[in-house]
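Novice: Contents of protein_15.txt (compact mmCIF, C-alpha atoms) are given next:
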# COMPACT_ATOMS: atom_id res chain seq x y z
CA MET Y 1435 -49.97 -120.61 10.55
CA LYS Y 1436 -52.29 -121.80 13.31
CA LYS Y 1437 -51.09 -122.17 16.89
CA GLU Y 1438 -52.01 -125.83 17.04
CA ASP Y 1439 -50.06 -126.53 13.83
CA ILE Y 1440 -46.92 -124.95 15.27
CA ILE Y 1441 -47.20 -126.87 18.52
CA ALA Y 1442 -47.75 -130.08 16.54
CA LYS Y 1443 -44.58 -129.39 14.54
CA MET Y 1444 -42.66 -128.79 17.78
CA ALA Y 1445 -43.95 -132.06 19.23
CA GLU Y 1446 -43.09 -133.95 16.05
CA THR Y 1447 -39.56 -132.73 15.25
CA LYS Y 1448 -38.69 -131.74 18.85
CA ILE Y 1449 -35.65 -129.65 17.84
CA VAL Y 1450 -36.09 -125.86 17.59
CA PRO Y 1451 -32.93 -124.11 16.33
CA LEU Y 1452 -32.58 -120.47 17.37
CA PHE Y 1453 -30.16 -117.84 16.17
CA TYR Y 1454 -29.56 -114.21 15.26
CA ASN Y 1455 -27.49 -112.90 12.39
CA ALA Y 1456 -27.33 -109.36 11.04
CA ASP Y 1457 -26.78 -110.54 7.45
CA ALA Y 1458 -30.02 -111.63 5.79
CA GLU Y 1459 -28.21 -113.78 3.23
CA VAL Y 1460 -26.32 -115.64 5.95
CA ALA Y 1461 -29.57 -116.04 7.89
CA LYS Y 1462 -31.18 -117.63 4.82
CA LYS Y 1463 -28.30 -120.11 4.50
CA LEU Y 1464 -28.64 -121.00 8.18
CA VAL Y 1465 -32.35 -121.68 7.68
CA ASP Y 1466 -31.52 -123.75 4.58
CA ALA Y 1467 -29.14 -125.90 6.61
CA CYS Y 1468 -31.57 -126.32 9.49
CA PHE Y 1469 -34.47 -127.20 7.20
CA ALA Y 1470 -32.35 -129.70 5.26
CA GLY Y 1471 -31.45 -131.29 8.59
CA GLY Y 1472 -35.11 -131.78 9.45
CA ALA Y 1473 -36.05 -128.71 11.51
CA ARG Y 1474 -39.58 -127.44 10.88
CA VAL Y 1475 -39.74 -124.77 13.58
CA ILE Y 1476 -37.03 -122.09 13.83
CA GLU Y 1477 -36.69 -119.10 16.15
CA PHE Y 1478 -34.89 -115.97 14.97
CA THR Y 1479 -33.89 -113.94 18.02
CA ASN Y 1480 -34.59 -110.23 18.33
CA ARG Y 1481 -31.10 -109.37 19.58
CA GLY Y 1482 -29.58 -106.92 17.15
CA GLU Y 1483 -30.18 -103.55 15.53
CA LYS Y 1484 -31.07 -105.20 12.22
CA ALA Y 1485 -33.41 -107.80 13.72
CA VAL Y 1486 -36.60 -106.33 12.29
CA GLU Y 1487 -35.13 -105.77 8.83
CA VAL Y 1488 -33.51 -109.21 8.63
CA PHE Y 1489 -36.52 -111.03 10.05
CA GLU Y 1490 -38.87 -109.41 7.55
CA ASN Y 1491 -36.55 -110.44 4.71
CA LEU Y 1492 -36.10 -113.93 6.14
CA LEU Y 1493 -39.83 -114.44 6.67
CA ALA Y 1494 -40.61 -113.59 3.05
CA TYR Y 1495 -37.92 -116.04 1.95
CA CYS Y 1496 -39.23 -118.84 4.17
CA ASN Y 1497 -42.89 -118.28 3.30
CA SER Y 1498 -41.98 -118.64 -0.36
CA LYS Y 1499 -39.45 -121.49 -0.20
CA TYR Y 1500 -40.55 -123.39 2.90
CA PRO Y 1501 -44.30 -122.91 3.41
CA GLU Y 1502 -44.37 -125.78 5.92
CA LEU Y 1503 -41.73 -124.08 8.13
CA ALA Y 1504 -42.81 -122.12 11.21
CA LEU Y 1505 -40.53 -119.10 11.67
CA GLY Y 1506 -40.90 -117.24 14.93
CA ILE Y 1507 -39.23 -114.35 16.68
CA GLY Y 1508 -37.55 -114.66 20.07
CA SER Y 1509 -36.33 -112.33 22.83
CA ILE Y 1510 -39.60 -110.37 22.75
CA SER Y 1511 -39.64 -108.18 25.85
CA SER Y 1512 -42.55 -105.77 25.33
CA VAL Y 1513 -46.05 -105.56 23.92
CA ALA Y 1514 -44.81 -102.98 21.41
CA GLN Y 1515 -42.24 -105.43 20.08
CA ALA Y 1516 -44.82 -108.21 19.97
CA LYS Y 1517 -47.23 -106.08 17.97
CA GLN Y 1518 -44.47 -105.01 15.59
CA PHE Y 1519 -43.51 -108.58 14.74
CA ILE Y 1520 -47.12 -109.75 14.61
CA GLU Y 1521 -47.71 -107.02 12.02
CA ILE Y 1522 -44.73 -108.27 10.02
CA GLY Y 1523 -46.21 -111.77 10.07
CA ALA Y 1524 -44.17 -113.75 12.61
CA HIS Y 1525 -45.61 -117.25 13.04
CA PHE Y 1526 -44.97 -117.29 16.79
CA LEU Y 1527 -43.38 -115.28 19.61
CA VAL Y 1528 -40.97 -116.25 22.38
CA SER Y 1529 -39.89 -114.22 25.42
CA PRO Y 1530 -37.18 -114.82 28.03
CA PHE Y 1531 -39.79 -114.36 30.80
CA ILE Y 1532 -43.56 -114.68 31.29
CA ASN Y 1533 -45.75 -111.59 31.16
CA GLU Y 1534 -49.54 -111.51 31.23
CA ASP Y 1535 -49.77 -108.56 28.83
CA LEU Y 1536 -47.69 -110.44 26.28
CA ALA Y 1537 -49.83 -113.54 26.75
CA LYS Y 1538 -52.98 -111.48 26.22
CA THR Y 1539 -51.57 -109.72 23.16
CA ALA Y 1540 -50.71 -113.07 21.60
CA SER Y 1541 -54.12 -114.50 22.48
CA ASP Y 1542 -55.94 -111.47 21.07
CA ASN Y 1543 -54.03 -111.93 17.81
CA ASP Y 1544 -54.44 -115.73 17.80
CA ILE Y 1545 -50.68 -116.31 17.71
CA PHE Y 1546 -48.61 -118.79 19.70
CA TRP Y 1547 -46.48 -117.23 22.45
CA THR Y 1548 -44.38 -118.69 25.23
CA GLY Y 1549 -42.05 -117.21 27.83
CA GLY Y 1550 -39.23 -118.33 30.07
CA CYS Y 1551 -40.17 -119.94 33.39
CA GLY Y 1552 -37.98 -120.94 36.32
CA THR Y 1553 -40.46 -122.35 38.82
CA ILE Y 1554 -43.51 -124.60 38.82
CA THR Y 1555 -45.55 -121.59 39.94
CA GLU Y 1556 -44.47 -119.59 36.88
CA MET Y 1557 -45.23 -122.53 34.62
CA GLN Y 1558 -48.69 -123.04 36.07
CA THR Y 1559 -49.35 -119.29 35.96
CA ALA Y 1560 -48.54 -119.15 32.25
CA TYR Y 1561 -50.57 -122.30 31.68
CA SER Y 1562 -53.56 -120.64 33.38
CA TRP Y 1563 -53.24 -117.80 30.86
CA GLY Y 1564 -53.69 -120.33 28.07
CA VAL Y 1565 -50.00 -120.87 27.21
CA PRO Y 1566 -49.79 -124.52 26.06
CA LEU Y 1567 -46.00 -124.89 26.03
CA LEU Y 1568 -43.73 -123.49 28.73
CA LYS Y 1569 -40.13 -122.47 28.10
CA LEU Y 1570 -37.70 -123.54 30.83
CA PHE Y 1571 -35.05 -120.82 30.80
CA PRO Y 1572 -32.14 -120.73 31.31
CA GLY Y 1573 -32.06 -124.49 30.97
CA ASN Y 1574 -28.41 -124.81 31.92
CA ILE Y 1575 -29.20 -123.39 35.38
CA TYR Y 1576 -32.14 -125.71 36.11
CA GLY Y 1577 -31.20 -128.87 34.22
CA PRO Y 1578 -33.33 -131.88 33.21
CA ALA Y 1579 -34.19 -132.67 36.84
CA MET Y 1580 -36.34 -129.53 36.93
CA ILE Y 1581 -38.58 -130.89 34.18
CA LYS Y 1582 -38.92 -134.28 35.84
CA GLY Y 1583 -39.67 -132.58 39.15
CA ALA Y 1584 -42.26 -130.23 37.65
CA LYS Y 1585 -44.11 -132.89 35.67
CA ALA Y 1586 -44.39 -135.27 38.60
CA PRO Y 1587 -47.11 -133.21 40.36
CA CYS Y 1588 -48.19 -131.35 37.20
CA PRO Y 1589 -48.12 -133.87 34.32
CA TRP Y 1590 -50.20 -131.58 32.11
CA LEU Y 1591 -47.30 -129.12 31.73
CA GLN Y 1592 -45.55 -129.26 28.35
CA ILE Y 1593 -42.00 -127.94 28.67
CA MET Y 1594 -39.31 -126.75 26.24
CA PRO Y 1595 -35.86 -126.14 27.77
CA THR Y 1596 -33.67 -123.53 26.10
CA GLY Y 1597 -30.08 -122.91 27.14
CA GLY Y 1598 -27.75 -125.76 28.05
CA VAL Y 1599 -29.06 -128.00 25.28
CA GLU Y 1600 -26.39 -129.64 23.13
CA PRO Y 1601 -26.57 -131.72 19.93
CA THR Y 1602 -25.19 -134.85 21.59
CA GLU Y 1603 -26.88 -138.13 22.41
CA ASP Y 1604 -26.18 -137.94 26.14
CA ASN Y 1605 -27.42 -134.37 26.50
CA LEU Y 1606 -30.55 -134.79 24.41
CA ASN Y 1607 -31.40 -138.10 26.07
CA SER Y 1608 -31.18 -136.44 29.47
CA TRP Y 1609 -33.71 -133.74 28.49
CA PHE Y 1610 -36.18 -135.99 26.70
CA SER Y 1611 -36.04 -138.80 29.25
CA ALA Y 1612 -36.87 -136.17 31.89
CA GLY Y 1613 -40.05 -135.28 29.97
CA ALA Y 1614 -39.18 -132.36 27.67
CA MET Y 1615 -41.66 -132.03 24.80
CA CYS Y 1616 -39.08 -130.30 22.62
CA VAL Y 1617 -35.84 -128.34 23.05
CA GLY Y 1618 -34.55 -124.98 21.87
CA MET Y 1619 -30.92 -125.05 20.76
CA GLY Y 1620 -28.66 -122.15 19.85
CA SER Y 1621 -24.90 -121.72 19.55
CA LYS Y 1622 -24.00 -125.40 20.06
CA LEU Y 1623 -25.88 -126.20 16.88
CA PHE Y 1624 -24.34 -123.55 14.66
CA ALA Y 1625 -20.88 -124.89 13.93
CA LYS Y 1626 -18.19 -122.66 12.47
CA LYS Y 1627 -15.04 -123.29 10.50
CA GLU Y 1628 -11.59 -122.27 11.71
CA ASN Y 1629 -11.88 -119.01 9.77
CA GLY Y 1630 -15.02 -118.08 11.72
CA GLU Y 1631 -17.50 -118.68 8.90
CA PHE Y 1632 -20.47 -120.94 9.44
CA ASP Y 1633 -20.04 -124.56 8.42
CA TYR Y 1634 -23.42 -125.14 6.81
CA ASP Y 1635 -22.81 -128.84 6.13
CA ALA Y 1636 -21.89 -129.41 9.76
CA ILE Y 1637 -24.97 -127.48 10.91
CA GLN Y 1638 -27.21 -129.61 8.72
CA GLU Y 1639 -25.60 -132.75 10.12
CA LYS Y 1640 -25.98 -131.59 13.74
CA VAL Y 1641 -29.65 -130.80 13.19
CA SER Y 1642 -30.22 -134.14 11.46
CA ILE Y 1643 -28.51 -136.09 14.24
CA SER Y 1644 -30.47 -134.18 16.88
CA VAL Y 1645 -33.81 -134.74 15.13
CA ASN Y 1646 -33.06 -138.44 14.82
CA ILE Y 1647 -32.17 -138.77 18.51
CA ALA Y 1648 -35.31 -136.84 19.50
CA SER Y 1649 -37.49 -139.06 17.29
CA ARG Y 1650 -37.00 -141.91 19.75
CA TYR Y 1651 -39.16 -140.14 22.31
Could you render the structure from this file as structure tokens?
Specialist:
Amino acid sequence: MKKEDIIAKMAETKIVPLFYNADAEVAKKLVDACFAGGARVIEFTNRGEKAVEVFENLLAYCNSKYPELALGIGSISSVAQAKQFIEIGAHFLVSPFINEDLAKTASDNDIFWTGGCGTITEMQTAYSWGVPLLKLFPGNIYGPAMIKGAKAPCPWLQIMPTGGVEPTEDNLNSWFSAGAMCVGMGSKLFAKKENGEFDYDAIQEKVSISVNIASRY
């Protein structure tokens, strides 16, 4: 999947669910719920011992069932990890920080990559490396005002906050009215039942509501 296609999907649906689960079958059901709710870009985070195994299984599933879905891998912290997931076939890569070697690796392999930024300088630095969308992370520390403040002098920056994003009208309105292009959303999106199991219907509903709110911007 081409970089520009993934960015276009992010700009269109604006909601990027992200999660990790060590059970491939559960991961597939989570993707099913997110896709049914309207998500077209999903990030699976590289945060567990089974991440590679599950992601490879999940990618094959998504490529077959949801060819229009962009499935990326998050929490990439080294070039070695990036190359491993590029080899597997990840559609895009996300890191918690910016790193020029990671940016170059992604560019050399013609794959979309973005990393967490906390200052305008970091955002502009990544942008100068050819990164078209900057991840504001952790979003709950900086808040929507950071996006508004960054885009005032640098309107060319496209920003995706992750962390502190909730599937509520007030929260989403605050991010998008500040100028966010899209948002990454994790645990707040993945509702669970009282017994601790995922509530897939509730997840689908939360995604759908979030996509609908985002569509106003």
Novice: Using all atoms listed in the file, which protein or nucleic acid residues come within 12 Å of Y:Ser1608? Drop anything in the same chain fewer than 2 positions from it, and give the result as a list in words.
Specialist: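 Listed by chain and then number, they are Gly1577, Pro1578, Ala1579, Met1580, Ile1581, Lys1582, Pro1595, Gly1598, Val1599, Glu1600, Pro1601, Thr1602, Glu1603, Asp1604, Asn1605, Leu1606, Phe1610, Ser1611, Ala1612, Gly1613, Ala1614, Val1617, Ile1647, Ala1648 and Tyr1651 of chain Y.
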Novice: Please report the interatomic distance between atom CA of Y:Gly1471 and atom CA of Y:Leu1503 in Å with one decimal.
Specialist: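 Rounded to one decimal, the two atoms are 12.6 Å apart.
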Novice: With distances taken over all atoms listed in the file, which of Y:Ala1456, Y:Asp1544, Y:Met1444, Y:Arg1474 is nearest to Y:Asn1491?
Specialist: Y:Ala1456
Novice: Excluding Y:Met1594 and residues on its chain fewer than 2 positions from it, collect all residues at most 10 Å away from it, counting all atoms listed in the file, and give them as a VMD selection string.
Specialist: chain Y and resid 1444 to 1445 1448 to 1450 1548 1550 to 1551 1567 to 1571 1573 1581 1591 to 1592 1596 1609 to 1610 1613 to 1618
Novice: Work out how far atom CA of Y:Asn1533 is from atom CA of Y:Met1557, in Å to one decimal.
Specialist: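 According to the coordinates, atom CA of Y:Met1557 and atom CA of Y:Asn1533 are separated by 11.5 Å.
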Novice: Smallest atom-to-atom distance to Y:Ala1524: which of Y:Glu1459, Y:Glu1556, Y:Glu1483, Y:Glu1477, using all atoms listed in the file?
Specialist: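 Going through Y:Glu1459, Y:Glu1556, Y:Glu1483, Y:Glu1477 one by one, the smallest distance to Y:Ala1524 is for Y:Glu1477.
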Novice: Of the candidates Y:Ile1637, Y:Leu1452, Y:Ala1586, Y:Ala1514, which one gets nearest to Y:Arg1481 if we count all atoms listed in the file?
Specialist: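 Counting all atoms listed in the file, the residue closest to Y:Arg1481 is Y:Leu1452.
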Novice: What is the distance, in Å and to one decimal place, between atom CA of Y:Asp1542 and atom CA of Y:Val1513?
Specialist: 11.9 Å
Novice: Between Y:Thr1447, Y:Asn1497, Y:Asn1607, Y:Asn1455, which one has atoms that come closest to Y:Val1475, using all atoms listed in the file?
Specialist: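 Among the listed residues, the smallest separation from Y:Val1475 belongs to Y:Thr1447.
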Novice: Determine, counting all atoms listed in the file, every residue of protein, DNA or RNA that lies within 12 Å of (-50.8, -124.0, 16.4) in the file coordinates, then give the result as a list in words.
Specialist: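 All residues meeting the 12 Å criterion around (-50.8, -124.0, 16.4) are Met1435, Lys1436, Lys1437, Glu1438, Asp1439, Ile1440, Ile1441, Ala1442, Lys1443, Met1444, Ala1445, Val1475, Ala1504, His1525, Phe1526, Leu1527, Ser1541, Asp1544, Ile1545, Phe1546, Trp1547, Val1565, Pro1566 and Leu1567 of chain Y.
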Novice: Can I get the selection written as a PDB file, in the frame of the given file, with C-alpha atoms?
Specialist:
ATOM      1  CA  MET Y1435     -49.970-120.610  10.550  1.00  0.00           C
ATOM      2  CA  LYS Y1436     -52.290-121.800  13.310  1.00  0.00           C
ATOM      3  CA  LYS Y1437     -51.090-122.170  16.890  1.00  0.00           C
ATOM      4  CA  GLU Y1438     -52.010-125.830  17.040  1.00  0.00           C
ATOM      5  CA  ASP Y1439     -50.060-126.530  13.830  1.00  0.00           C
ATOM      6  CA  ILE Y1440     -46.920-124.950  15.270  1.00  0.00           C
ATOM      7  CA  ILE Y1441     -47.200-126.870  18.520  1.00  0.00           C
ATOM      8  CA  ALA Y1442     -47.750-130.080  16.540  1.00  0.00           C
ATOM      9  CA  LYS Y1443     -44.580-129.390  14.540  1.00  0.00           C
ATOM     10  CA  MET Y1444     -42.660-128.790  17.780  1.00  0.00           C
ATOM     11  CA  ALA Y1445     -43.950-132.060  19.230  1.00  0.00           C
ATOM     12  CA  VAL Y1475     -39.740-124.770  13.580  1.00  0.00           C
ATOM     13  CA  ALA Y1504     -42.810-122.120  11.210  1.00  0.00           C
ATOM     14  CA  HIS Y1525     -45.610-117.250  13.040  1.00  0.00           C
ATOM     15  CA  PHE Y1526     -44.970-117.290  16.790  1.00  0.00           C
ATOM     16  CA  LEU Y1527     -43.380-115.280  19.610  1.00  0.00           C
ATOM     17  CA  SER Y1541     -54.120-114.500  22.480  1.00  0.00           C
ATOM     18  CA  ASP Y1544     -54.440-115.730  17.800  1.00  0.00           C
ATOM     19  CA  ILE Y1545     -50.680-116.310  17.710  1.00  0.00           C
ATOM     20  CA  PHE Y1546     -48.610-118.790  19.700  1.00  0.00           C
ATOM     21  CA  TRP Y1547     -46.480-117.230  22.450  1.00  0.00           C
ATOM     22  CA  VAL Y1565     -50.000-120.870  27.210  1.00  0.00           C
ATOM     23  CA  PRO Y1566     -49.790-124.520  26.060  1.00  0.00           C
ATOM     24  CA  LEU Y1567     -46.000-124.890  26.030  1.00  0.00           C
TER      25      LEU Y1567
END
